[in-house]
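Read the structure below first, then the notes.
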Amino acid sequence: MSAPTTSILLIGESGVGKTHYGAQLLRRLMTVEGSLRMDGAATNLEPFEAALESLNEGRAADHTARSVYVDSVWPVTDAAGNKATLVWPEYGGEQIKSIIETRRLPQTWQDRVNGADTWLLLIRLQQTRMGDDIFSKPLSDLRGSSHENHEVHPSDQARLVELLQILLFAHRSATEPRLGPRLGVILTCWDEEGTDGLPNATFETRMPLVSAFVRTNWSAPIIMGLSALERSLSPKERDTEYAARGPEHFGYVIKPDGERTSDLTIPIHALLPGRAVTRQPT
Ligand SMILES: Nc1nc2c(ncn2[C@@H]2O[C@H](COP(=O)(O)OP(=O)(O)OP(=O)(O)O)[C@@H](O)[C@H]2O)c(=O)[nH]1
Ligand SMILES: [Mg+2]
């Protein structure tokens, strides 16, 4: 019997860390014993080759070109012998920006959304602004600023909620919530935060609107922190210590209970079918 295929819909705007997580995850699956490991030949690895090479040299990889969308196929197994075929995409994050701004889902994305029952939302907290509103500033202060600026931009949080709404509407579960996708929220570049807080609590404090939307639509979403690199790397200057020790010795995940582990496969393992809860019935 062939292994069930789990297509991951990786949702993340440009700069959240999709490529670096993909490359680090791939290397872990191939070389390190974790919750999941590679079980057979992975295909379509080209999009990650340059990133793997840069990390080997202790440098950060480049931004992914806007037009790229490639599915890599990774056969994996866990310690109990459960097998799955992961379809892991690599794409330029501007595609997500364009979906939010045009409020249109191209047919190719419509098919991906429908074909993926596991969604992984990547959020880099340092990249999201928390705009001032009446909860953070007196109304009188806000009134002054709006006079100078008549243009209204939705906040970063509103954009993310909008995006999730568009994707949920496009998913076949729109008419059958019990078939809803499993959701994991990964707070990336956790090392930049310098916090000891739990991922769950940090998500709620820093992104209250998105967190409330997620909790309303999913009964028990998996929320974890991730530092795929463990430290900042420059695209130009080599970090010689990084290169000498090897990128597989860097990176960690903060599990929902706050435990730190170097096993970068944990968030994916937790989301495999049968292990996670489905969408909240409405
Ligand atoms: N400090 C720190 N920086 C990271 C980490 N992961 C990625 N970065 C940096 O974040 C930046 C963006 O990461 P990418 O993986 O290229 O982001 P992306 O989501 O693929 O972006 P696009 O290709 O534009 O869609 C890069 O400069 C990385 O060096 C991390 O775990 N910690
Ligand atoms: Mg990229």
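Here's how to read the names in the structure tokens: chain A, B, ... by the order shown, residue numbers from 1 in each chain, ligand numbers from 1 in the order shown.
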
Mind listing the residues within 8 Å of ligand 1, only C-alpha atoms and all ligand atoms counted, as a tab-separated table (two decimals) with N, CA, C and O atoms, in the first residue's frame?
chain	number	residue	atom	x	y	z
A	12	GLY	N	2.87	31.99	3.72
A	12	GLY	CA	3.75	32.98	4.34
A	12	GLY	C	4.17	34.03	3.34
A	12	GLY	O	4.53	33.73	2.21
A	13	GLU	N	4.11	35.28	3.79
A	13	GLU	CA	4.51	36.37	2.91
A	13	GLU	C	6.02	36.37	2.75
A	13	GLU	O	6.74	35.62	3.41
A	14	SER	N	6.50	37.26	1.91
A	14	SER	CA	7.93	37.34	1.64
A	14	SER	C	8.69	37.68	2.93
A	14	SER	O	8.25	38.51	3.71
A	15	GLY	N	9.80	36.98	3.13
A	15	GLY	CA	10.67	37.31	4.26
A	15	GLY	C	10.32	36.64	5.57
A	15	GLY	O	10.96	36.89	6.58
A	16	VAL	N	9.31	35.76	5.59
A	16	VAL	CA	8.96	35.12	6.87
A	16	VAL	C	9.89	33.94	7.19
A	16	VAL	O	9.95	33.49	8.33
A	17	GLY	N	10.59	33.43	6.17
A	17	GLY	CA	11.55	32.35	6.43
A	17	GLY	C	11.17	31.01	5.81
A	17	GLY	O	11.64	29.96	6.26
A	18	LYS	N	10.36	31.03	4.76
A	18	LYS	CA	9.93	29.77	4.12
A	18	LYS	C	11.11	28.99	3.56
A	18	LYS	O	11.24	27.79	3.78
A	19	THR	N	11.98	29.70	2.82
A	19	THR	CA	13.09	29.01	2.17
A	19	THR	C	14.07	28.43	3.19
A	19	THR	O	14.53	27.29	3.06
A	20	HIS	N	14.38	29.22	4.22
A	20	HIS	CA	15.35	28.74	5.20
A	20	HIS	C	14.80	27.57	6.02
A	20	HIS	O	15.53	26.64	6.35
A	21	TYR	N	13.50	27.62	6.32
A	21	TYR	CA	12.92	26.47	7.04
A	21	TYR	C	12.92	25.26	6.12
A	21	TYR	O	13.31	24.16	6.53
A	22	GLY	N	12.52	25.45	4.87
A	22	GLY	CA	12.49	24.33	3.91
A	22	GLY	C	13.86	23.66	3.81
A	22	GLY	O	13.99	22.44	3.88
A	59	ARG	N	26.23	31.35	5.16
A	59	ARG	CA	25.60	32.56	4.65
A	59	ARG	C	24.09	32.34	4.51
A	59	ARG	O	23.63	31.22	4.33
A	60	ALA	N	23.33	33.45	4.53
A	60	ALA	CA	21.88	33.36	4.32
A	60	ALA	C	21.61	33.20	2.82
A	60	ALA	O	22.39	33.65	1.99
A	61	ALA	N	20.51	32.55	2.51
A	61	ALA	CA	20.13	32.34	1.10
A	61	ALA	C	19.39	33.57	0.56
A	61	ALA	O	18.98	34.45	1.31
A	62	ASP	N	19.22	33.58	-0.75
A	62	ASP	CA	18.55	34.72	-1.39
A	62	ASP	C	17.04	34.64	-1.26
A	62	ASP	O	16.48	33.56	-1.03
A	63	HIS	N	16.42	35.76	-1.50
A	63	HIS	CA	14.96	35.87	-1.62
A	63	HIS	C	14.53	35.04	-2.85
A	63	HIS	O	15.23	34.99	-3.84
A	64	THR	N	13.38	34.40	-2.76
A	64	THR	CA	12.90	33.57	-3.87
A	64	THR	C	12.16	34.45	-4.89
A	64	THR	O	11.34	35.29	-4.49
A	65	ALA	N	12.45	34.24	-6.17
A	65	ALA	CA	11.82	35.07	-7.21
A	65	ALA	C	10.31	34.93	-7.15
A	65	ALA	O	9.77	33.86	-6.85
A	66	ARG	N	9.65	36.04	-7.43
A	66	ARG	CA	8.20	36.13	-7.31
A	66	ARG	C	7.45	35.03	-8.07
A	66	ARG	O	6.46	34.49	-7.59
A	90	GLU	N	7.94	25.49	-2.55
A	90	GLU	CA	8.87	26.63	-2.44
A	90	GLU	C	8.37	27.69	-3.41
A	90	GLU	O	8.17	27.41	-4.60
A	91	TYR	N	8.10	28.89	-2.90
A	91	TYR	CA	7.59	29.93	-3.79
A	91	TYR	C	7.96	31.32	-3.29
A	91	TYR	O	8.36	31.48	-2.13
A	92	GLY	N	7.81	32.29	-4.17
A	92	GLY	CA	8.07	33.68	-3.82
A	92	GLY	C	6.88	34.25	-3.06
A	92	GLY	O	5.74	34.18	-3.52
A	93	GLY	N	7.15	34.81	-1.89
A	93	GLY	CA	6.09	35.27	-1.00
A	93	GLY	C	5.21	36.39	-1.55
A	93	GLY	O	4.13	36.65	-1.04
A	94	GLU	N	5.69	37.06	-2.63
A	94	GLU	CA	4.85	38.14	-3.19
A	94	GLU	C	3.55	37.59	-3.74
A	94	GLU	O	2.59	38.32	-3.92
A	188	THR	N	7.97	32.33	13.27
A	188	THR	CA	9.34	32.12	12.77
A	188	THR	C	10.32	33.13	13.35
A	188	THR	O	9.92	34.13	13.95
A	189	CYS	N	11.59	32.86	13.12
A	189	CYS	CA	12.68	33.72	13.60
A	189	CYS	C	12.51	34.01	15.08
A	189	CYS	O	12.65	35.15	15.54
A	190	TRP	N	12.18	32.98	15.84
A	190	TRP	CA	11.91	33.10	17.28
A	190	TRP	C	13.10	33.72	18.01
A	190	TRP	O	12.95	34.42	19.00
A	191	ASP	N	14.31	33.48	17.49
A	191	ASP	CA	15.51	34.03	18.14
A	191	ASP	C	15.48	35.56	18.15
A	191	ASP	O	16.06	36.19	19.03
A	192	GLU	N	14.79	36.17	17.20
A	192	GLU	CA	14.74	37.64	17.14
A	192	GLU	C	13.89	38.21	18.28
A	192	GLU	O	14.01	39.37	18.63
A	226	LEU	N	9.61	28.86	16.05
A	226	LEU	CA	10.64	28.22	15.23
A	226	LEU	C	11.79	29.19	14.99
A	226	LEU	O	11.57	30.36	14.65
A	227	SER	N	13.00	28.70	15.19
A	227	SER	CA	14.14	29.44	14.70
A	227	SER	C	14.90	28.47	13.81
A	227	SER	O	15.61	27.60	14.30
A	228	ALA	N	14.68	28.59	12.52
A	228	ALA	CA	15.27	27.63	11.59
A	228	ALA	C	16.79	27.78	11.56
A	228	ALA	O	17.51	26.82	11.34
A	229	LEU	N	17.27	29.00	11.80
A	229	LEU	CA	18.71	29.25	11.71
A	229	LEU	C	19.39	29.36	13.07
A	229	LEU	O	20.57	29.16	13.19
A	230	GLU	N	18.65	29.74	14.07
A	230	GLU	CA	19.12	29.97	15.45
A	230	GLU	C	19.80	31.32	15.62
A	230	GLU	O	19.91	31.83	16.72
A	231	ARG	N	20.28	31.91	14.56
A	231	ARG	CA	20.88	33.25	14.65
A	231	ARG	C	20.78	33.91	13.28
A	231	ARG	O	20.51	33.23	12.28
A	232	SER	N	21.00	35.21	13.24
A	232	SER	CA	20.95	35.91	11.96
A	232	SER	C	22.20	35.59	11.15
A	232	SER	O	23.30	35.53	11.70
A	233	LEU	N	22.01	35.39	9.87
A	233	LEU	CA	23.14	35.19	8.98
A	233	LEU	C	23.09	36.28	7.92
A	233	LEU	O	22.01	36.74	7.56
A	234	SER	N	24.25	36.65	7.42
A	234	SER	CA	24.28	37.66	6.36
A	234	SER	C	24.37	36.94	5.01
A	234	SER	O	25.00	35.89	4.89
A	235	PRO	N	23.77	37.52	3.97
A	235	PRO	CA	23.88	36.88	2.66
A	235	PRO	C	25.28	37.01	2.08
A	235	PRO	O	25.67	36.27	1.17
A	251	GLY	N	19.39	25.68	14.89
A	251	GLY	CA	17.94	25.74	14.67
A	251	GLY	C	17.20	25.01	15.77
A	251	GLY	O	17.70	24.02	16.31

Hey, what's within 12 Å of A:Ala80 if we count only C-alpha atoms and toss same-chain stuff fewer than 2 positions away? As a PyMOL selection string, please? chain A and resi 34-37+76-78+82-83+269

Distance query A:Leu120 at most 7 Å, only C-alpha atoms, self and fewer than 2 positions along chain excluded, as a PyMOL selection string: chain A and resi 8-11+118+122+183-185

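In this comparison, which uses only C-alpha atoms, the residue of A:Pro267, A:Gly258, A:Pro199, A:Pro247 approaching A:Ser54 most closely is A:Pro247.
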
Would you kindly return, as a ChimeraX atom specification, each protein, DNA or RNA residue with an atom no farther than 12 Å from any atom of A:Gln165, considering only C-alpha atoms and excluding same-chain residues fewer than 3 positions away? /A:99-100,103-105,158-162,168-171,174,210,213-214,216-217

Take the residues that were just selected and, keeping C-alpha atoms, output them as a compact mmCIF listing (two decimals), in the first residue's frame.
# COMPACT_ATOMS: atom_id res chain seq x y z
CA ILE A 99 -3.73 37.48 -3.26
CA ILE A 100 -4.37 39.78 -0.30
CA ARG A 103 -8.56 39.64 -3.21
CA ARG A 104 -8.34 37.18 -6.07
CA LEU A 105 -7.10 33.62 -5.94
CA ALA A 158 -6.35 42.52 9.26
CA ARG A 159 -4.44 41.47 6.13
CA LEU A 160 -3.68 38.05 7.61
CA VAL A 161 -7.27 37.52 8.70
CA GLU A 162 -8.42 38.54 5.24
CA LEU A 168 -11.10 29.11 3.86
CA PHE A 169 -13.72 30.32 1.42
CA ALA A 170 -11.82 28.67 -1.43
CA HIS A 171 -11.36 25.36 0.40
CA ALA A 174 -16.46 26.06 3.01
CA VAL A 210 -5.34 36.87 14.17
CA PHE A 213 -9.77 34.43 14.34
CA VAL A 214 -7.71 31.24 14.40
CA THR A 216 -12.74 30.76 16.41
CA ASN A 217 -12.21 28.65 13.34

Write out as a ChimeraX atom specification the set of residues from stretch 36-275 of chain A that DSSP, computed on the backbone, places in helix (DSSP H, G or I). /A:46-56,94-102,107-115,125-127,139-148,156-170,172-174,177-179,190-192,199-206,208-217,240-245,247-249,266-271

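Going from atom CA of A:Asp196 over to atom CA of A:Pro256, you cover 12.2 Å.
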
Which residue is closest to A:Asn56? Choose from A:Val87, A:Ala243, A:Ala41, A:Ala270 and count only C-alpha atoms. A:Ala243

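If you count only C-alpha atoms and ignore residues fewer than 2 places along the chain from A:Ala201, what sits within 12 Å of it is Leu187, Thr195, Asp196, Gly197, Leu198, Pro199, Phe203, Glu204, Thr205, Arg206, Met207, Pro208, Ser211, Ala212, Ile223, Met224, Gly225, Pro256, Asp257 and Gly258 of chain A.
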
Using N, CA, C and O atoms, can you export the residues from the last selection as a PDB file, in the first residue's frame?
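Output saved as result_10.pdb:
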ATOM      1  N   LEU A 187       5.532  30.577  14.533  1.00  0.00           N
ATOM      2  CA  LEU A 187       6.094  31.917  14.732  1.00  0.00           C
ATOM      3  C   LEU A 187       7.582  31.814  14.419  1.00  0.00           C
ATOM      4  O   LEU A 187       8.351  31.216  15.189  1.00  0.00           O
ATOM      5  N   THR A 195      12.307  36.158  23.773  1.00  0.00           N
ATOM      6  CA  THR A 195      11.284  35.972  24.809  1.00  0.00           C
ATOM      7  C   THR A 195      11.334  34.550  25.370  1.00  0.00           C
ATOM      8  O   THR A 195      11.730  33.625  24.676  1.00  0.00           O
ATOM      9  N   ASP A 196      10.930  34.424  26.630  1.00  0.00           N
ATOM     10  CA  ASP A 196      10.810  33.088  27.230  1.00  0.00           C
ATOM     11  C   ASP A 196       9.359  32.637  27.229  1.00  0.00           C
ATOM     12  O   ASP A 196       9.021  31.593  27.769  1.00  0.00           O
ATOM     13  N   GLY A 197       8.466  33.466  26.667  1.00  0.00           N
ATOM     14  CA  GLY A 197       7.030  33.168  26.723  1.00  0.00           C
ATOM     15  C   GLY A 197       6.668  31.931  25.909  1.00  0.00           C
ATOM     16  O   GLY A 197       7.432  31.478  25.050  1.00  0.00           O
ATOM     17  N   LEU A 198       5.502  31.392  26.174  1.00  0.00           N
ATOM     18  CA  LEU A 198       5.003  30.258  25.397  1.00  0.00           C
ATOM     19  C   LEU A 198       4.536  30.779  24.040  1.00  0.00           C
ATOM     20  O   LEU A 198       4.011  31.894  23.945  1.00  0.00           O
ATOM     21  N   PRO A 199       4.696  29.988  22.984  1.00  0.00           N
ATOM     22  CA  PRO A 199       4.267  30.435  21.647  1.00  0.00           C
ATOM     23  C   PRO A 199       2.811  30.891  21.631  1.00  0.00           C
ATOM     24  O   PRO A 199       2.476  31.939  21.072  1.00  0.00           O
ATOM     25  N   PHE A 203       1.646  34.618  20.742  1.00  0.00           N
ATOM     26  CA  PHE A 203       0.775  34.835  19.587  1.00  0.00           C
ATOM     27  C   PHE A 203      -0.431  35.686  19.996  1.00  0.00           C
ATOM     28  O   PHE A 203      -0.809  36.647  19.328  1.00  0.00           O
ATOM     29  N   GLU A 204      -0.983  35.342  21.140  1.00  0.00           N
ATOM     30  CA  GLU A 204      -2.183  36.054  21.590  1.00  0.00           C
ATOM     31  C   GLU A 204      -1.867  37.512  21.945  1.00  0.00           C
ATOM     32  O   GLU A 204      -2.645  38.416  21.643  1.00  0.00           O
ATOM     33  N   THR A 205      -0.716  37.732  22.565  1.00  0.00           N
ATOM     34  CA  THR A 205      -0.370  39.101  22.956  1.00  0.00           C
ATOM     35  C   THR A 205       0.004  39.950  21.752  1.00  0.00           C
ATOM     36  O   THR A 205      -0.403  41.098  21.633  1.00  0.00           O
ATOM     37  N   ARG A 206       0.798  39.358  20.857  1.00  0.00           N
ATOM     38  CA  ARG A 206       1.318  40.155  19.747  1.00  0.00           C
ATOM     39  C   ARG A 206       0.354  40.258  18.580  1.00  0.00           C
ATOM     40  O   ARG A 206       0.423  41.193  17.798  1.00  0.00           O
ATOM     41  N   MET A 207      -0.500  39.268  18.404  1.00  0.00           N
ATOM     42  CA  MET A 207      -1.430  39.287  17.278  1.00  0.00           C
ATOM     43  C   MET A 207      -2.830  38.905  17.740  1.00  0.00           C
ATOM     44  O   MET A 207      -3.370  37.866  17.319  1.00  0.00           O
ATOM     45  N   PRO A 208      -3.417  39.729  18.607  1.00  0.00           N
ATOM     46  CA  PRO A 208      -4.703  39.331  19.217  1.00  0.00           C
ATOM     47  C   PRO A 208      -5.814  39.077  18.205  1.00  0.00           C
ATOM     48  O   PRO A 208      -6.599  38.146  18.373  1.00  0.00           O
ATOM     49  N   SER A 211      -5.049  35.786  16.299  1.00  0.00           N
ATOM     50  CA  SER A 211      -5.181  34.690  17.252  1.00  0.00           C
ATOM     51  C   SER A 211      -6.664  34.397  17.521  1.00  0.00           C
ATOM     52  O   SER A 211      -7.090  33.236  17.531  1.00  0.00           O
ATOM     53  N   ALA A 212      -7.459  35.452  17.685  1.00  0.00           N
ATOM     54  CA  ALA A 212      -8.891  35.240  17.947  1.00  0.00           C
ATOM     55  C   ALA A 212      -9.559  34.592  16.734  1.00  0.00           C
ATOM     56  O   ALA A 212     -10.383  33.674  16.877  1.00  0.00           O
ATOM     57  N   ILE A 223       0.329  25.696  17.793  1.00  0.00           N
ATOM     58  CA  ILE A 223       1.094  26.940  17.690  1.00  0.00           C
ATOM     59  C   ILE A 223       2.483  26.714  18.277  1.00  0.00           C
ATOM     60  O   ILE A 223       2.620  26.312  19.429  1.00  0.00           O
ATOM     61  N   MET A 224       3.494  26.916  17.443  1.00  0.00           N
ATOM     62  CA  MET A 224       4.862  26.664  17.901  1.00  0.00           C
ATOM     63  C   MET A 224       5.773  27.814  17.484  1.00  0.00           C
ATOM     64  O   MET A 224       5.461  28.564  16.560  1.00  0.00           O
ATOM     65  N   GLY A 225       6.892  27.928  18.174  1.00  0.00           N
ATOM     66  CA  GLY A 225       7.917  28.885  17.780  1.00  0.00           C
ATOM     67  C   GLY A 225       8.981  28.148  16.979  1.00  0.00           C
ATOM     68  O   GLY A 225       9.205  26.964  17.188  1.00  0.00           O
ATOM     69  N   PRO A 256       4.502  23.685  22.030  1.00  0.00           N
ATOM     70  CA  PRO A 256       3.430  24.422  22.715  1.00  0.00           C
ATOM     71  C   PRO A 256       3.634  24.516  24.231  1.00  0.00           C
ATOM     72  O   PRO A 256       3.253  25.496  24.853  1.00  0.00           O
ATOM     73  N   ASP A 257       4.281  23.509  24.843  1.00  0.00           N
ATOM     74  CA  ASP A 257       4.493  23.566  26.299  1.00  0.00           C
ATOM     75  C   ASP A 257       5.757  24.345  26.679  1.00  0.00           C
ATOM     76  O   ASP A 257       6.135  24.395  27.844  1.00  0.00           O
ATOM     77  N   GLY A 258       6.420  24.935  25.708  1.00  0.00           N
ATOM     78  CA  GLY A 258       7.587  25.772  25.989  1.00  0.00           C
ATOM     79  C   GLY A 258       8.911  25.027  25.887  1.00  0.00           C
ATOM     80  O   GLY A 258       9.971  25.634  25.944  1.00  0.00           O
TER      81      GLY A 258
END

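Candidate residues A:Leu26, A:Gln110, A:Leu163, A:Gln157 were compared for distance to A:Ile96, and the nearest is A:Leu163, using only C-alpha atoms.
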
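The two atoms in question, atom CA of A:Phe48 and atom CA of A:Leu86, are spaced 15.1 Å apart.
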
Counting only C-alpha atoms and all ligand atoms, which of A:Glu57, A:Trp74, A:Gln95, A:Thr31 gets nearest to ligand 2? A:Gln95

DSSP says strand (DSSP E or B) for which residues of stretch 57-140 of chain A? Put them as JSON, numbers by chain? {"A": [69, 70, 71, 72, 73, 74, 75, 76, 77, 78, 83, 84, 85, 86, 87, 88, 89, 90, 91, 118, 119, 120, 121, 122, 123, 124]}

Determine the nearest neighbour of A:Asp117 from the options A:Ile254, A:Ala79, A:Ala23, A:Leu272, counting only C-alpha atoms. A:Leu272

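Rounded to one decimal, atom CA of A:Pro89 and atom CA of A:Met130 lie 28.8 Å from each other.
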